[in-house]
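Undergrad: One file: run.cif (mmCIF, C-alpha atoms).
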```cif
data_final
loop_
_atom_site.label_atom_id
_atom_site.label_comp_id
_atom_site.auth_asym_id
_atom_site.auth_seq_id
_atom_site.Cartn_x
_atom_site.Cartn_y
_atom_site.Cartn_z
CA MET A 1 -43.11 75.97 14.82
CA ILE A 2 -46.19 74.63 13.14
CA THR A 3 -45.25 71.06 14.12
CA ASP A 4 -45.09 72.08 17.77
CA ASP A 5 -48.49 73.76 17.42
CA ALA A 6 -50.07 70.57 16.13
CA ALA A 7 -48.44 68.34 18.74
CA GLY A 8 -49.37 70.80 21.47
CA ALA A 9 -52.97 70.95 20.34
CA PHE A 10 -53.14 67.16 20.35
CA PHE A 11 -51.79 66.90 23.89
CA LYS A 12 -54.10 69.66 25.14
CA ALA A 13 -57.16 67.97 23.64
CA TYR A 14 -56.40 64.34 24.39
CA GLY A 15 -53.90 64.32 27.26
CA VAL A 16 -51.34 62.10 25.50
CA GLU A 17 -48.67 62.51 22.86
CA PRO A 18 -49.67 61.76 19.24
CA ALA A 19 -48.49 58.61 17.51
CA GLY A 20 -46.99 60.76 14.78
CA LEU A 21 -47.13 63.93 12.70
CA TRP A 22 -48.08 64.05 9.04
CA ALA A 23 -47.61 67.05 6.76
CA ALA A 24 -49.13 68.05 3.43
CA PRO A 25 -48.44 71.29 1.55
CA GLY A 26 -50.54 73.94 -0.05
CA ARG A 27 -49.81 74.50 -3.70
CA VAL A 28 -49.23 77.15 -6.30
CA ASN A 29 -50.41 76.36 -9.79
CA LEU A 30 -47.69 77.67 -12.05
CA ILE A 31 -49.99 77.50 -15.08
CA GLY A 32 -53.07 75.57 -16.19
CA GLU A 33 -56.16 77.10 -14.57
CA HIS A 34 -59.57 75.37 -14.77
CA THR A 35 -58.08 72.85 -17.20
CA ASP A 36 -58.18 70.02 -14.66
CA TYR A 37 -61.90 69.28 -14.76
CA ASN A 38 -61.69 69.56 -18.56
CA GLU A 39 -59.29 66.56 -18.50
CA GLY A 40 -56.42 68.78 -19.62
CA PHE A 41 -52.99 69.66 -18.31
CA VAL A 42 -51.78 71.46 -15.18
CA LEU A 43 -48.39 72.38 -13.74
CA PRO A 44 -48.52 73.00 -9.98
CA PHE A 45 -45.76 72.89 -7.40
CA ALA A 46 -45.94 72.37 -3.66
CA LEU A 47 -45.47 75.26 -1.27
CA PRO A 48 -43.17 75.21 1.74
CA GLN A 49 -46.27 76.14 3.81
CA ARG A 50 -47.91 73.00 5.19
CA THR A 51 -50.84 71.65 7.15
CA ILE A 52 -49.83 69.32 9.99
CA ALA A 53 -52.00 66.52 11.31
CA ALA A 54 -50.99 65.16 14.71
CA VAL A 55 -52.71 61.78 14.94
CA GLY A 56 -53.15 59.00 17.46
CA PRO A 57 -55.27 55.83 17.61
CA ALA A 58 -58.87 55.68 18.85
CA PRO A 59 -61.43 52.85 19.13
CA ALA A 60 -62.67 51.45 15.83
CA GLY A 61 -65.37 53.56 14.23
CA GLU A 62 -64.59 56.67 16.27
CA TRP A 63 -62.94 59.86 15.02
CA THR A 64 -62.36 63.17 16.77
CA VAL A 65 -60.69 66.19 15.22
CA CYS A 66 -59.63 69.48 16.78
CA SER A 67 -57.52 72.34 15.49
CA THR A 68 -55.63 75.43 16.50
CA PHE A 69 -58.17 77.59 14.63
CA GLU A 70 -61.43 76.29 16.16
CA ASP A 71 -62.32 76.11 19.84
CA GLU A 72 -64.41 72.94 19.92
CA PRO A 73 -63.39 69.42 18.82
CA VAL A 74 -65.73 67.52 16.50
CA SER A 75 -66.45 63.81 16.99
CA PHE A 76 -68.18 61.52 14.50
CA GLY A 77 -68.61 57.91 13.46
CA LEU A 78 -68.77 56.65 9.91
CA THR A 79 -71.05 59.22 8.29
CA GLU A 80 -72.67 59.85 4.93
CA PRO A 81 -71.99 62.93 2.78
CA GLY A 82 -73.33 66.10 4.32
CA GLU A 83 -73.73 64.77 7.86
CA VAL A 84 -70.65 66.58 9.18
CA THR A 85 -70.43 70.23 8.16
CA GLY A 86 -67.96 73.09 8.48
CA TRP A 87 -64.20 72.59 8.39
CA ALA A 88 -64.47 69.12 9.97
CA ALA A 89 -66.36 67.93 6.88
CA TYR A 90 -63.04 67.73 5.03
CA VAL A 91 -61.76 65.26 7.64
CA ALA A 92 -65.02 63.28 7.82
CA GLY A 93 -65.00 63.22 4.03
CA VAL A 94 -61.59 61.58 3.94
CA VAL A 95 -62.76 58.89 6.37
CA TRP A 96 -65.90 58.35 4.26
CA SER A 97 -63.94 58.24 0.99
CA LEU A 98 -61.51 55.62 2.29
CA ALA A 99 -64.33 53.51 3.74
CA ASP A 100 -66.41 53.86 0.57
CA ALA A 101 -63.43 52.54 -1.40
CA GLY A 102 -63.45 49.40 0.76
CA HIS A 103 -60.71 50.21 3.27
CA GLN A 104 -60.87 49.53 7.02
CA VAL A 105 -60.23 53.05 8.28
CA PRO A 106 -58.61 53.10 11.72
CA GLY A 107 -60.27 55.11 14.47
CA ALA A 108 -58.23 58.19 15.21
CA ARG A 109 -57.85 61.31 17.27
CA ILE A 110 -56.53 64.18 15.19
CA ALA A 111 -55.25 67.70 15.84
CA ILE A 112 -54.70 70.12 12.96
CA ALA A 113 -52.41 73.12 12.64
CA SER A 114 -51.79 74.93 9.38
CA GLU A 115 -49.61 77.66 7.92
CA VAL A 116 -51.35 77.57 4.52
CA PRO A 117 -53.35 80.82 4.29
CA LEU A 118 -57.09 80.13 4.33
CA GLY A 119 -59.17 81.40 1.43
CA SER A 120 -56.14 82.49 -0.57
CA GLY A 121 -56.40 80.11 -3.50
CA LEU A 122 -53.38 78.12 -2.27
CA SER A 123 -55.50 75.07 -1.54
CA SER A 124 -55.66 74.89 2.23
CA SER A 125 -58.52 72.39 1.88
CA ALA A 126 -56.43 69.92 -0.16
CA ALA A 127 -53.57 70.28 2.33
CA LEU A 128 -55.97 69.37 5.14
CA GLU A 129 -57.42 66.41 3.24
CA SER A 130 -54.02 65.14 2.15
CA SER A 131 -52.40 65.31 5.58
CA VAL A 132 -55.29 63.41 7.17
CA LEU A 133 -55.48 60.89 4.31
CA THR A 134 -51.75 60.15 4.53
CA ALA A 135 -51.97 59.79 8.31
CA LEU A 136 -54.92 57.37 8.22
CA ILE A 137 -53.31 55.26 5.50
CA ASP A 138 -50.11 54.98 7.54
CA LEU A 139 -51.88 54.47 10.87
CA GLY A 140 -54.05 51.68 9.48
CA GLY A 141 -51.39 50.13 7.24
CA LEU A 142 -53.79 50.54 4.31
CA ASP A 143 -52.73 49.43 0.85
CA VAL A 144 -53.33 52.62 -1.14
CA PRO A 145 -50.70 53.34 -3.82
CA LEU A 146 -49.53 56.93 -4.07
CA GLU A 147 -51.08 57.44 -7.50
CA LYS A 148 -54.52 56.42 -6.19
CA ARG A 149 -54.54 58.80 -3.24
CA PRO A 150 -55.40 62.13 -4.93
CA ALA A 151 -58.67 60.75 -6.30
CA LEU A 152 -59.70 59.65 -2.79
CA ALA A 153 -59.04 63.11 -1.40
CA GLN A 154 -60.82 64.72 -4.34
CA ARG A 155 -63.85 62.47 -3.79
CA ALA A 156 -64.00 63.65 -0.19
CA GLU A 157 -64.22 67.24 -1.42
CA ASN A 158 -66.52 66.64 -4.39
CA VAL A 159 -69.01 64.20 -2.90
CA TYR A 160 -68.83 64.68 0.87
CA VAL A 161 -68.17 68.42 1.11
CA GLY A 162 -69.93 69.19 -2.17
CA ALA A 163 -67.26 71.39 -3.80
CA PRO A 164 -66.93 70.66 -7.56
CA THR A 165 -63.12 70.86 -7.73
CA GLY A 166 -60.85 69.05 -10.16
CA ILE A 167 -57.97 66.82 -9.10
CA LEU A 168 -55.20 69.42 -9.41
CA ASP A 169 -55.01 70.45 -5.76
CA GLN A 170 -54.93 67.00 -4.21
CA SER A 171 -52.45 65.73 -6.81
CA ALA A 172 -50.09 68.59 -6.04
CA SER A 173 -50.37 68.18 -2.28
CA ILE A 174 -49.71 64.44 -2.44
CA ARG A 175 -47.46 63.85 -5.47
CA CYS A 176 -45.20 66.92 -5.76
CA GLN A 177 -41.45 66.65 -5.19
CA GLU A 178 -38.97 69.19 -3.88
CA GLY A 179 -37.40 71.30 -6.61
CA ARG A 180 -39.89 70.07 -9.21
CA ALA A 181 -43.13 71.19 -10.78
CA LEU A 182 -45.72 68.46 -11.31
CA PHE A 183 -46.84 68.07 -14.92
CA LEU A 184 -50.16 66.25 -14.58
CA ASP A 185 -52.37 64.86 -17.31
CA CYS A 186 -55.80 65.13 -15.70
CA ARG A 187 -57.25 62.42 -17.93
CA SER A 188 -54.71 59.63 -17.45
CA TYR A 189 -53.35 60.92 -14.09
CA GLU A 190 -49.87 60.35 -15.48
CA VAL A 191 -47.31 62.71 -13.99
CA GLU A 192 -43.87 63.95 -14.88
CA GLN A 193 -41.61 65.75 -12.44
CA ILE A 194 -40.31 68.86 -14.24
CA PRO A 195 -37.07 70.56 -13.08
CA PHE A 196 -37.96 73.81 -11.35
CA ASP A 197 -34.86 75.06 -9.54
CA LEU A 198 -35.30 78.82 -9.82
CA ALA A 199 -32.49 79.77 -7.43
CA ALA A 200 -29.89 78.25 -9.77
CA GLN A 201 -30.87 80.84 -12.37
CA GLY A 202 -31.17 83.75 -9.96
CA LEU A 203 -34.96 83.70 -10.15
CA ALA A 204 -37.82 83.44 -7.69
CA ILE A 205 -41.58 83.13 -7.63
CA LEU A 206 -43.17 85.91 -5.62
CA VAL A 207 -46.63 85.02 -4.31
CA ILE A 208 -48.83 88.05 -3.69
CA ASN A 209 -51.99 87.43 -1.68
CA SER A 210 -54.45 90.04 -2.87
CA ASN A 211 -56.42 89.74 0.39
CA ALA A 212 -59.49 90.48 -1.71
CA PRO A 213 -62.67 89.08 -0.20
CA HIS A 214 -63.96 86.07 -2.14
CA GLN A 215 -67.50 86.56 -3.39
CA HIS A 216 -69.85 84.06 -5.03
CA VAL A 217 -66.94 81.67 -5.53
CA ASP A 218 -68.83 78.38 -5.36
CA GLY A 219 -71.63 79.42 -7.70
CA GLU A 220 -69.27 81.03 -10.20
CA TYR A 221 -66.89 78.06 -10.18
CA GLY A 222 -69.79 75.70 -10.78
CA ALA A 223 -71.10 77.91 -13.58
CA ARG A 224 -67.73 77.85 -15.34
CA ARG A 225 -67.55 74.09 -15.06
CA LYS A 226 -71.08 73.62 -16.39
CA SER A 227 -70.38 75.92 -19.34
CA CYS A 228 -67.31 73.88 -20.27
CA GLU A 229 -69.17 70.58 -19.96
CA ASP A 230 -72.08 71.91 -22.02
CA ALA A 231 -69.68 73.11 -24.71
CA ALA A 232 -67.94 69.73 -24.88
CA ARG A 233 -71.30 68.04 -25.34
CA LEU A 234 -72.30 70.46 -28.13
CA LEU A 235 -68.94 69.92 -29.83
CA GLY A 236 -69.24 66.14 -29.60
CA VAL A 237 -66.09 65.55 -27.53
CA ARG A 238 -65.57 63.90 -24.17
CA ALA A 239 -63.91 67.02 -22.74
CA LEU A 240 -62.53 70.31 -24.01
CA ARG A 241 -59.05 68.80 -23.76
CA ASP A 242 -59.92 67.04 -27.02
CA ILE A 243 -60.08 70.34 -28.94
CA THR A 244 -56.58 71.23 -30.15
CA GLY A 245 -55.31 74.70 -30.87
CA ASP A 246 -55.55 73.98 -34.61
CA GLN A 247 -59.20 73.05 -34.21
CA LEU A 248 -60.16 76.01 -32.04
CA ASP A 249 -61.48 78.40 -34.69
CA ASP A 250 -63.70 75.71 -36.19
CA ALA A 251 -64.99 74.73 -32.75
CA LEU A 252 -65.80 78.33 -31.84
CA ALA A 253 -67.67 78.80 -35.10
CA ARG A 254 -69.95 75.90 -34.13
CA LEU A 255 -71.01 77.53 -30.86
CA ASP A 256 -73.77 80.15 -30.85
CA ASP A 257 -73.24 81.50 -27.33
CA GLU A 258 -70.54 84.18 -27.05
CA VAL A 259 -69.89 83.50 -23.35
CA MET A 260 -69.44 79.81 -24.04
CA ARG A 261 -67.04 80.63 -26.88
CA ARG A 262 -64.88 82.65 -24.50
CA ARG A 263 -64.84 79.84 -21.94
CA VAL A 264 -63.78 77.31 -24.57
CA ARG A 265 -61.06 79.61 -25.92
CA HIS A 266 -59.54 79.93 -22.47
CA ILE A 267 -59.41 76.18 -21.84
CA VAL A 268 -57.96 75.25 -25.25
CA THR A 269 -55.32 77.99 -25.24
CA GLU A 270 -54.47 77.33 -21.59
CA ASP A 271 -53.73 73.68 -22.31
CA ASP A 272 -51.39 74.82 -25.08
CA ARG A 273 -49.66 77.24 -22.69
CA VAL A 274 -49.04 74.45 -20.18
CA LEU A 275 -47.42 72.28 -22.84
CA ALA A 276 -45.27 75.18 -24.04
CA THR A 277 -44.19 75.96 -20.47
CA VAL A 278 -43.12 72.36 -19.90
CA LYS A 279 -40.98 72.42 -23.05
CA LEU A 280 -39.23 75.63 -21.97
CA LEU A 281 -38.56 74.31 -18.46
CA HIS A 282 -37.09 71.11 -19.87
CA ALA A 283 -34.78 73.27 -21.98
CA GLY A 284 -33.75 75.35 -18.96
CA ARG A 285 -35.22 78.51 -20.53
CA VAL A 286 -37.08 79.55 -17.40
CA ARG A 287 -37.28 83.30 -18.05
CA GLU A 288 -39.04 82.59 -21.33
CA ILE A 289 -42.09 81.17 -19.57
CA GLY A 290 -42.91 84.70 -18.39
CA PRO A 291 -45.01 85.73 -21.41
CA LEU A 292 -46.96 82.48 -21.14
CA LEU A 293 -47.81 83.25 -17.51
CA THR A 294 -49.00 86.72 -18.47
CA ALA A 295 -51.02 85.43 -21.43
CA SER A 296 -52.67 82.98 -19.05
CA HIS A 297 -53.74 85.85 -16.83
CA VAL A 298 -55.15 87.84 -19.74
CA SER A 299 -57.15 84.78 -20.77
CA MET A 300 -58.50 84.31 -17.24
CA ARG A 301 -59.39 87.99 -17.08
CA ASP A 302 -61.02 88.40 -20.49
CA ASP A 303 -62.24 84.95 -21.57
CA PHE A 304 -62.89 83.08 -18.33
CA GLU A 305 -63.77 86.23 -16.36
CA ILE A 306 -62.57 85.03 -12.97
CA THR A 307 -60.25 87.84 -11.84
CA VAL A 308 -61.00 90.87 -9.66
CA ARG A 309 -59.49 94.34 -9.70
CA GLN A 310 -57.06 93.67 -6.85
CA VAL A 311 -55.65 90.65 -8.68
CA ASP A 312 -55.38 92.50 -12.00
CA LEU A 313 -53.64 95.42 -10.30
CA ALA A 314 -51.05 93.13 -8.70
CA VAL A 315 -50.28 91.56 -12.09
CA GLU A 316 -50.07 94.92 -13.87
CA THR A 317 -47.82 96.42 -11.22
CA ALA A 318 -45.47 93.42 -11.02
CA LEU A 319 -44.99 93.55 -14.79
CA GLN A 320 -44.35 97.31 -14.70
CA VAL A 321 -41.48 96.87 -12.25
CA GLY A 322 -39.72 94.08 -14.08
CA ALA A 323 -41.45 90.74 -13.53
CA TYR A 324 -40.88 88.36 -16.45
CA GLY A 325 -44.49 87.26 -16.18
CA ALA A 326 -47.35 87.26 -13.70
CA ARG A 327 -50.75 85.63 -13.35
CA MET A 328 -53.48 84.87 -10.91
CA THR A 329 -53.24 81.37 -9.48
CA GLY A 330 -56.17 79.36 -8.17
CA GLY A 331 -59.87 79.21 -8.90
CA GLY A 332 -60.36 82.95 -9.10
CA PHE A 333 -62.48 85.81 -7.74
CA GLY A 334 -59.70 86.82 -5.34
CA GLY A 335 -56.77 84.89 -3.97
CA CYS A 336 -53.15 85.07 -5.03
CA VAL A 337 -50.96 86.22 -7.89
CA LEU A 338 -47.59 84.72 -8.76
CA ALA A 339 -44.83 86.70 -10.43
CA LEU A 340 -41.62 85.33 -11.95
CA ILE A 341 -38.89 87.75 -10.89
CA ASP A 342 -35.16 88.09 -10.43
CA SER A 343 -34.55 86.90 -6.88
CA ASP A 344 -33.20 90.28 -5.77
CA LYS A 345 -36.37 92.09 -6.91
CA ALA A 346 -38.80 90.72 -4.33
CA ALA A 347 -38.76 93.75 -2.04
CA GLU A 348 -39.07 96.18 -4.95
CA VAL A 349 -42.03 94.39 -6.53
CA THR A 350 -43.76 93.97 -3.18
CA ALA A 351 -43.38 97.67 -2.36
CA ALA A 352 -44.73 98.68 -5.75
CA VAL A 353 -47.83 96.49 -5.35
CA GLU A 354 -48.39 97.82 -1.82
CA GLU A 355 -48.21 101.38 -3.15
CA ALA A 356 -50.62 100.60 -5.98
CA TYR A 357 -53.09 99.05 -3.53
CA ALA A 358 -52.89 102.04 -1.23
CA GLY A 359 -53.61 104.30 -4.19
CA GLU A 360 -56.91 102.52 -4.81
CA GLY A 361 -57.85 102.10 -1.15
CA PHE A 362 -57.54 98.31 -1.13
CA THR A 363 -56.66 96.17 1.88
CA PRO A 364 -52.84 95.83 1.82
CA PRO A 365 -51.52 92.69 0.10
CA THR A 366 -49.10 90.24 1.65
CA ALA A 367 -46.24 88.77 -0.36
CA TRP A 368 -43.49 86.20 0.03
CA THR A 369 -41.15 84.20 -2.17
CA VAL A 370 -41.62 80.46 -2.49
CA THR A 371 -39.67 77.42 -3.58
CA ALA A 372 -40.98 74.06 -4.78
CA GLY A 373 -41.40 71.83 -1.73
CA PRO A 374 -42.18 68.14 -1.13
CA GLY A 375 -45.60 66.50 -1.09
CA ALA A 376 -47.42 64.80 1.77
CA THR A 377 -45.27 62.80 4.17
CA ARG A 378 -44.88 61.54 7.69
CA LEU A 379 -42.45 63.70 9.62
#
```
Will you turn the file into structure tokens for me?
TA:
Amino acid sequence: MITDDAAGAFFKAYGVEPAGLWAAPGRVNLIGEHTDYNEGFVLPFALPQRTIAAVGPAPAGEWTVCSTFEDEPVSFGLTEPGEVTGWAAYVAGVVWSLADAGHQVPGARIAIASEVPLGSGLSSSAALESSVLTALIDLGGLDVPLEKRPALAQRAENVYVGAPTGILDQSASIRCQEGRALFLDCRSYEVEQIPFDLAAQGLAILVINSNAPHQHVDGEYGARRKSCEDAARLLGVRALRDITGDQLDDALARLDDEVMRRRVRHIVTEDDRVLATVKLLHAGRVREIGPLLTASHVSMRDDFEITVRQVDLAVETALQVGAYGARMTGGGFGGCVLALIDSDKAAEVTAAVEEAYAGEGFTPPTAWTVTAGPGATRL
């Protein structure tokens, strides 16, 4: 078990048992891609797959982190952004973010184990940040309300690590609830827990990891974000969230750059799709969200241009064999697809995607069904 792996790694590294284990999940974003940093709407849910932080006390101002996936532990004091690099930067960033917000961060020894696939677009980095953040808050008895925690984890990633992500991933990892999707307003940070019990309707979400190599992800992500911010400035709004569907045609007519127009169209229509999905889920009409998922993928493919052939092929194939809807999930340029299917169709859809990949000579995909799990917690 992943909990045993974390506890075992802690004992091997430090010679004592940990004070406790803290878990935080990866996430699947049901719909609402790249809308978060445009202050729009997202609808993620937490995966059953988790990152575990086994944590024990250490002298004040001292932190050491080890993991099951790296040979050498990393030790550091209170550092400034960029001083710790590699995977340990996410941990050092959490310490820095808490301290920068005025909290007395307890010294700690930490061991990490994770079952969230790395580089798959399921937010293994947010799961790491959120498990460590939750552990340090508990260990130090820090007064950090739940609704304030995602921004601290996001700041670790944005400022310390230097990745320009929105707040979607950390919010999902920290604030999701079992059997619910998290409807998040990325401007106000208000959340609503949306019923998402697929099994009751004989449905499932199949996650298909394309296993496509990520290329140029950071630069392309940053370019998309800059294009959106530039467009908002040209349109005289705080963020693209302020352009409604009714205003879209007029807004596009005011932009000279065709690429920028496509980026804006994706964000505005994606926000509308999130809101429509929430309404359908509230009404219990889960199958009817399928076309919205598929329309989201088409928009990401054609307007935001963040998909790759392996991802498109998985979506096309899933739809051909009966999925109600399918889309890429995550930042793009590889990663995972989700498909809304009848629960007894998982093997059939998986086999069809595997066959399609083999036909084009791609690395075989991996697939599994998921349910909506809980957010970060002490075990």
Undergrad: With distances taken over only C-alpha atoms, which residue among A:Asp344, A:Glu355, A:Glu288, A:Glu129 lies nearest Gly325 in chain A?
TA: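 So, comparing all the options, the nearest one is A:Glu288.
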Undergrad: Mind telling me what the PyMOL selection byres ((chain A and resi 302) around 12) catches here, as a compact mmCIF listing (two decimals) with C-alpha atoms, in the coordinates of the input?
TA:
```
# COMPACT_ATOMS: atom_id res chain seq x y z
CA VAL A 259 -69.89 83.50 -23.35
CA ARG A 261 -67.04 80.63 -26.88
CA ARG A 262 -64.88 82.65 -24.50
CA ARG A 263 -64.84 79.84 -21.94
CA ARG A 265 -61.06 79.61 -25.92
CA HIS A 266 -59.54 79.93 -22.47
CA ALA A 295 -51.02 85.43 -21.43
CA SER A 296 -52.67 82.98 -19.05
CA HIS A 297 -53.74 85.85 -16.83
CA VAL A 298 -55.15 87.84 -19.74
CA SER A 299 -57.15 84.78 -20.77
CA MET A 300 -58.50 84.31 -17.24
CA ARG A 301 -59.39 87.99 -17.08
CA ASP A 303 -62.24 84.95 -21.57
CA PHE A 304 -62.89 83.08 -18.33
CA GLU A 305 -63.77 86.23 -16.36
CA ILE A 306 -62.57 85.03 -12.97
CA THR A 307 -60.25 87.84 -11.84
CA VAL A 308 -61.00 90.87 -9.66
CA ASP A 312 -55.38 92.50 -12.00
```
Undergrad: Identify, on the basis of only C-alpha atoms, every residue whose closest approach to Arg109 in chain A does not exceed 8 Å; exclude the query and any residue fewer than 3 positions from it along the same chain; express the result as an mmCIF file with C-alpha atoms, keeping the file's coordinate frame.
TA:
```cif
data_model
loop_
_atom_site.group_PDB
_atom_site.id
_atom_site.type_symbol
_atom_site.label_atom_id
_atom_site.label_comp_id
_atom_site.auth_asym_id
_atom_site.auth_seq_id
_atom_site.Cartn_x
_atom_site.Cartn_y
_atom_site.Cartn_z
ATOM 1 C CA TYR A 14 -56.400 64.340 24.390
ATOM 2 C CA VAL A 55 -52.710 61.780 14.940
ATOM 3 C CA GLY A 56 -53.150 59.000 17.460
ATOM 4 C CA PRO A 57 -55.270 55.830 17.610
ATOM 5 C CA ALA A 58 -58.870 55.680 18.850
ATOM 6 C CA TRP A 63 -62.940 59.860 15.020
ATOM 7 C CA THR A 64 -62.360 63.170 16.770
ATOM 8 C CA VAL A 65 -60.690 66.190 15.220
#
```
Undergrad: Selection in question (the file shown): the PyMOL selection byres ((chain A and resi 21) around 9). Which residues does it include, as a PDB file with C-alpha atoms, in the frame of the given file?
TA:
```
ATOM      1  CA  THR A   3     -45.250  71.060  14.120  1.00  0.00           C
ATOM      2  CA  ALA A   6     -50.070  70.570  16.130  1.00  0.00           C
ATOM      3  CA  ALA A   7     -48.440  68.340  18.740  1.00  0.00           C
ATOM      4  CA  PRO A  18     -49.670  61.760  19.240  1.00  0.00           C
ATOM      5  CA  ALA A  19     -48.490  58.610  17.510  1.00  0.00           C
ATOM      6  CA  GLY A  20     -46.990  60.760  14.780  1.00  0.00           C
ATOM      7  CA  TRP A  22     -48.080  64.050   9.040  1.00  0.00           C
ATOM      8  CA  ALA A  23     -47.610  67.050   6.760  1.00  0.00           C
ATOM      9  CA  ILE A  52     -49.830  69.320   9.990  1.00  0.00           C
ATOM     10  CA  ALA A  53     -52.000  66.520  11.310  1.00  0.00           C
ATOM     11  CA  ALA A  54     -50.990  65.160  14.710  1.00  0.00           C
ATOM     12  CA  VAL A  55     -52.710  61.780  14.940  1.00  0.00           C
ATOM     13  CA  SER A 131     -52.400  65.310   5.580  1.00  0.00           C
ATOM     14  CA  ALA A 135     -51.970  59.790   8.310  1.00  0.00           C
ATOM     15  CA  THR A 377     -45.270  62.800   4.170  1.00  0.00           C
ATOM     16  CA  ARG A 378     -44.880  61.540   7.690  1.00  0.00           C
ATOM     17  CA  LEU A 379     -42.450  63.700   9.620  1.00  0.00           C
TER      18      LEU A 379
END
```
Undergrad: Do a neighbour search on Ala367 in chain A at 8 Å with only C-alpha atoms, toss out local chain neighbours closer than 5 positions, and write the hits as a PyMOL selection string.
TA: chain A and resi 206-209+350
Undergrad: Smallest atom-to-atom distance to Val353 in chain A: which of A:Thr371, A:Gln104, A:Gln320, A:Leu168, using all atoms listed in the file?
TA: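 Ranking A:Thr371, A:Gln104, A:Gln320, A:Leu168 by distance to Val353 in chain A, first place goes to A:Gln320.
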Undergrad: Would you work out the distance separating CA of Ala204 in chain A from CA of Ala352 in chain A, expressed in Å to one decimal?
TA: 16.8 Å
Undergrad: Calculated over all atoms listed in the file, which of the candidates A:Thr369, A:Thr68, A:Ser75, A:Thr165 has the smallest distance to Gly330 in chain A?
TA: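 For Gly330 in chain A, the nearest of the candidates is A:Thr165.
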Undergrad: If you apply the PyMOL selection byres ((chain A and resi 342) around 9) to this file, what residues do you get, as a PyMOL selection string?
TA: chain A and resi 201-205+322-324+340-341+343-346
